[in-house]
Amino acid sequence: RRLFMSVEVERKFLCNADTLKKLKEIGAVCVGQRQIHDQYFDTPEFHLTLRDMWLRKRKGCWELKCPTAESQSGKQGEAAAALCTRYKEITSLPEIHLRVKEVIKEDRESEAGFSQEDESWVSKLNLVCFAEFTTARRSFTLKEEGVQVDLDQADFGYHVGEIEVLVPEGGDEQAALEKIRKTAEKLGLTGDQRVKGKMDVYLKRNHPEHYAKLLSEHIL
Ligand code: V4E
């Protein structure tokens, strides 16, 4: 089960006309371009997202992103780390079900056995899709080991870049932060304010009340 859990350390940045050029200059290699269709789920009362838990279906697979003990790296103090987020990425369906159920406090007995086809747990927990969009993503790898840069263009018209490092559970998150800091420096990223993710922009437009609530709870 542990094999299905890793921590994604990530820093978002604003793309501009120079981003591609810069990536080439620092030796980034494009490793693919693809369309990603995401559907995000929560209860109608938003139990999950109000706890900073993000349940989504991507390419037919369920994924859950949840905060780690010190998800907001910035709480540890260093300025560059404050621009990064850390989330556990869980892709094992029984584990996802367990965690979601824990939060929703659904006390109904769970039935054993899951398959990607049997989606009855979704409706039993009253989970509904609250966000759905497609992203055109270009991915690049860097010489710096394990660093990936994604350039995302969401279908609702938002463009954002991400520098990310996947750390296996128990791995060195400080080293990941340092790799991201170095990469940001090479890309000439100077701004020190947090950059909005696709979900920020999507929720602001489509669920403004919930967006305001997430902001006031410091989740976004
Ligand atoms: C964790 C999270 C959300 C879920 C989507 O995560 P994100 O990394 O933004 O999306 P994406 O498509 O790039 O996923 P990937 O392919 O990298 O797995 S939506 C909001 N959050 C929380 C959050 C936050 N509080 N602050 C920032 C800067 N990002 C995300």
# chains A, B, ... in the order shown; residues from 1 in each chain; ligands from 1
>>> residues_around(residues="segment 140-153 of chain A", least_positions_apart="2", cutoff="9 Å", atoms="only C-alpha atoms", output="PDB file with C-alpha atoms, in the first residue's frame")
ATOM      1  CA  CYS A  15       4.437  31.508 -17.761  1.00  0.00           C
ATOM      2  CA  LEU A  23      13.579  26.012 -20.500  1.00  0.00           C
ATOM      3  CA  ILE A  26      18.750  25.419 -19.135  1.00  0.00           C
ATOM      4  CA  GLY A  27      18.677  22.105 -20.991  1.00  0.00           C
ATOM      5  CA  ALA A  28      15.123  21.049 -20.232  1.00  0.00           C
ATOM      6  CA  VAL A  29      13.911  18.290 -22.541  1.00  0.00           C
ATOM      7  CA  CYS A  30      10.278  18.072 -23.600  1.00  0.00           C
ATOM      8  CA  VAL A  31       9.091  14.576 -22.744  1.00  0.00           C
ATOM      9  CA  GLY A  32       5.541  14.861 -23.948  1.00  0.00           C
ATOM     10  CA  THR A 134      -9.236  19.668 -19.498  1.00  0.00           C
ATOM     11  CA  THR A 135      -5.620  20.757 -19.440  1.00  0.00           C
ATOM     12  CA  ALA A 136      -3.165  20.733 -22.314  1.00  0.00           C
ATOM     13  CA  ARG A 137       0.145  19.902 -20.639  1.00  0.00           C
ATOM     14  CA  ARG A 138       3.694  20.010 -21.949  1.00  0.00           C
ATOM     15  CA  ASP A 155      -9.555  24.873 -21.248  1.00  0.00           C
ATOM     16  CA  PHE A 156     -11.112  27.779 -19.338  1.00  0.00           C
ATOM     17  CA  GLY A 157      -8.216  29.986 -20.320  1.00  0.00           C
ATOM     18  CA  TYR A 158      -5.625  29.856 -17.580  1.00  0.00           C
ATOM     19  CA  HIS A 159      -1.954  29.253 -18.178  1.00  0.00           C
ATOM     20  CA  VAL A 160       0.331  28.137 -15.332  1.00  0.00           C
ATOM     21  CA  GLY A 161       3.680  26.419 -14.899  1.00  0.00           C
ATOM     22  CA  GLU A 162       4.764  24.002 -12.181  1.00  0.00           C
ATOM     23  CA  ILE A 163       8.148  22.816 -11.032  1.00  0.00           C
ATOM     24  CA  GLU A 164       7.685  19.529  -9.237  1.00  0.00           C
ATOM     25  CA  VAL A 165       9.555  16.744  -7.540  1.00  0.00           C
ATOM     26  CA  LEU A 166       7.954  13.494  -6.410  1.00  0.00           C
ATOM     27  CA  VAL A 167       9.369  12.210  -3.149  1.00  0.00           C
ATOM     28  CA  ALA A 176      13.304  18.359  -3.148  1.00  0.00           C
ATOM     29  CA  LYS A 179      16.085  21.273  -6.251  1.00  0.00           C
ATOM     30  CA  ILE A 180      12.968  23.338  -6.877  1.00  0.00           C
ATOM     31  CA  LYS A 182      17.629  25.953  -7.869  1.00  0.00           C
ATOM     32  CA  THR A 183      15.408  25.317 -10.874  1.00  0.00           C
ATOM     33  CA  LYS A 198      -6.002  26.093 -12.021  1.00  0.00           C
TER      34      LYS A 198
END
>>> select_by_dssp(residues="segment 4-215 of chain A", states="helix (DSSP H, G or I)", output="PyMOL selection string")
chain A and resi 4+19-25+49-51+73-76+79-82+93-104+120-124+173-186+198-206+208-215
>>> closest_residue(among="A:Ala81, A:Ser120, A:Phe130, A:Leu64", to="Leu98 of chain A", atoms="only C-alpha atoms")
A:Leu64
>>> atom_distance(atom1="atom 26 (N, counted along the ligand's line) of ligand 1", atom2="atom CA of Cys84 of chain A")
8.0 Å
>>> closest_residue(among="A:Ala69, A:Met199, A:Leu20, A:Leu189", to="ligand 1", atoms="only C-alpha atoms and all ligand atoms")
A:Met199
>>> select_by_dssp(residues="segment 3-219 of chain A", states="strand (DSSP E or B)", output="PyMOL selection string")
chain A and resi 5-13+29-42+54-58+61-72+84-90+128-141+147-154+158-168
>>> atom_distance(atom1="atom CA of Arg34 of chain A", atom2="atom CA of Cys61 of chain A")
16.2 Å
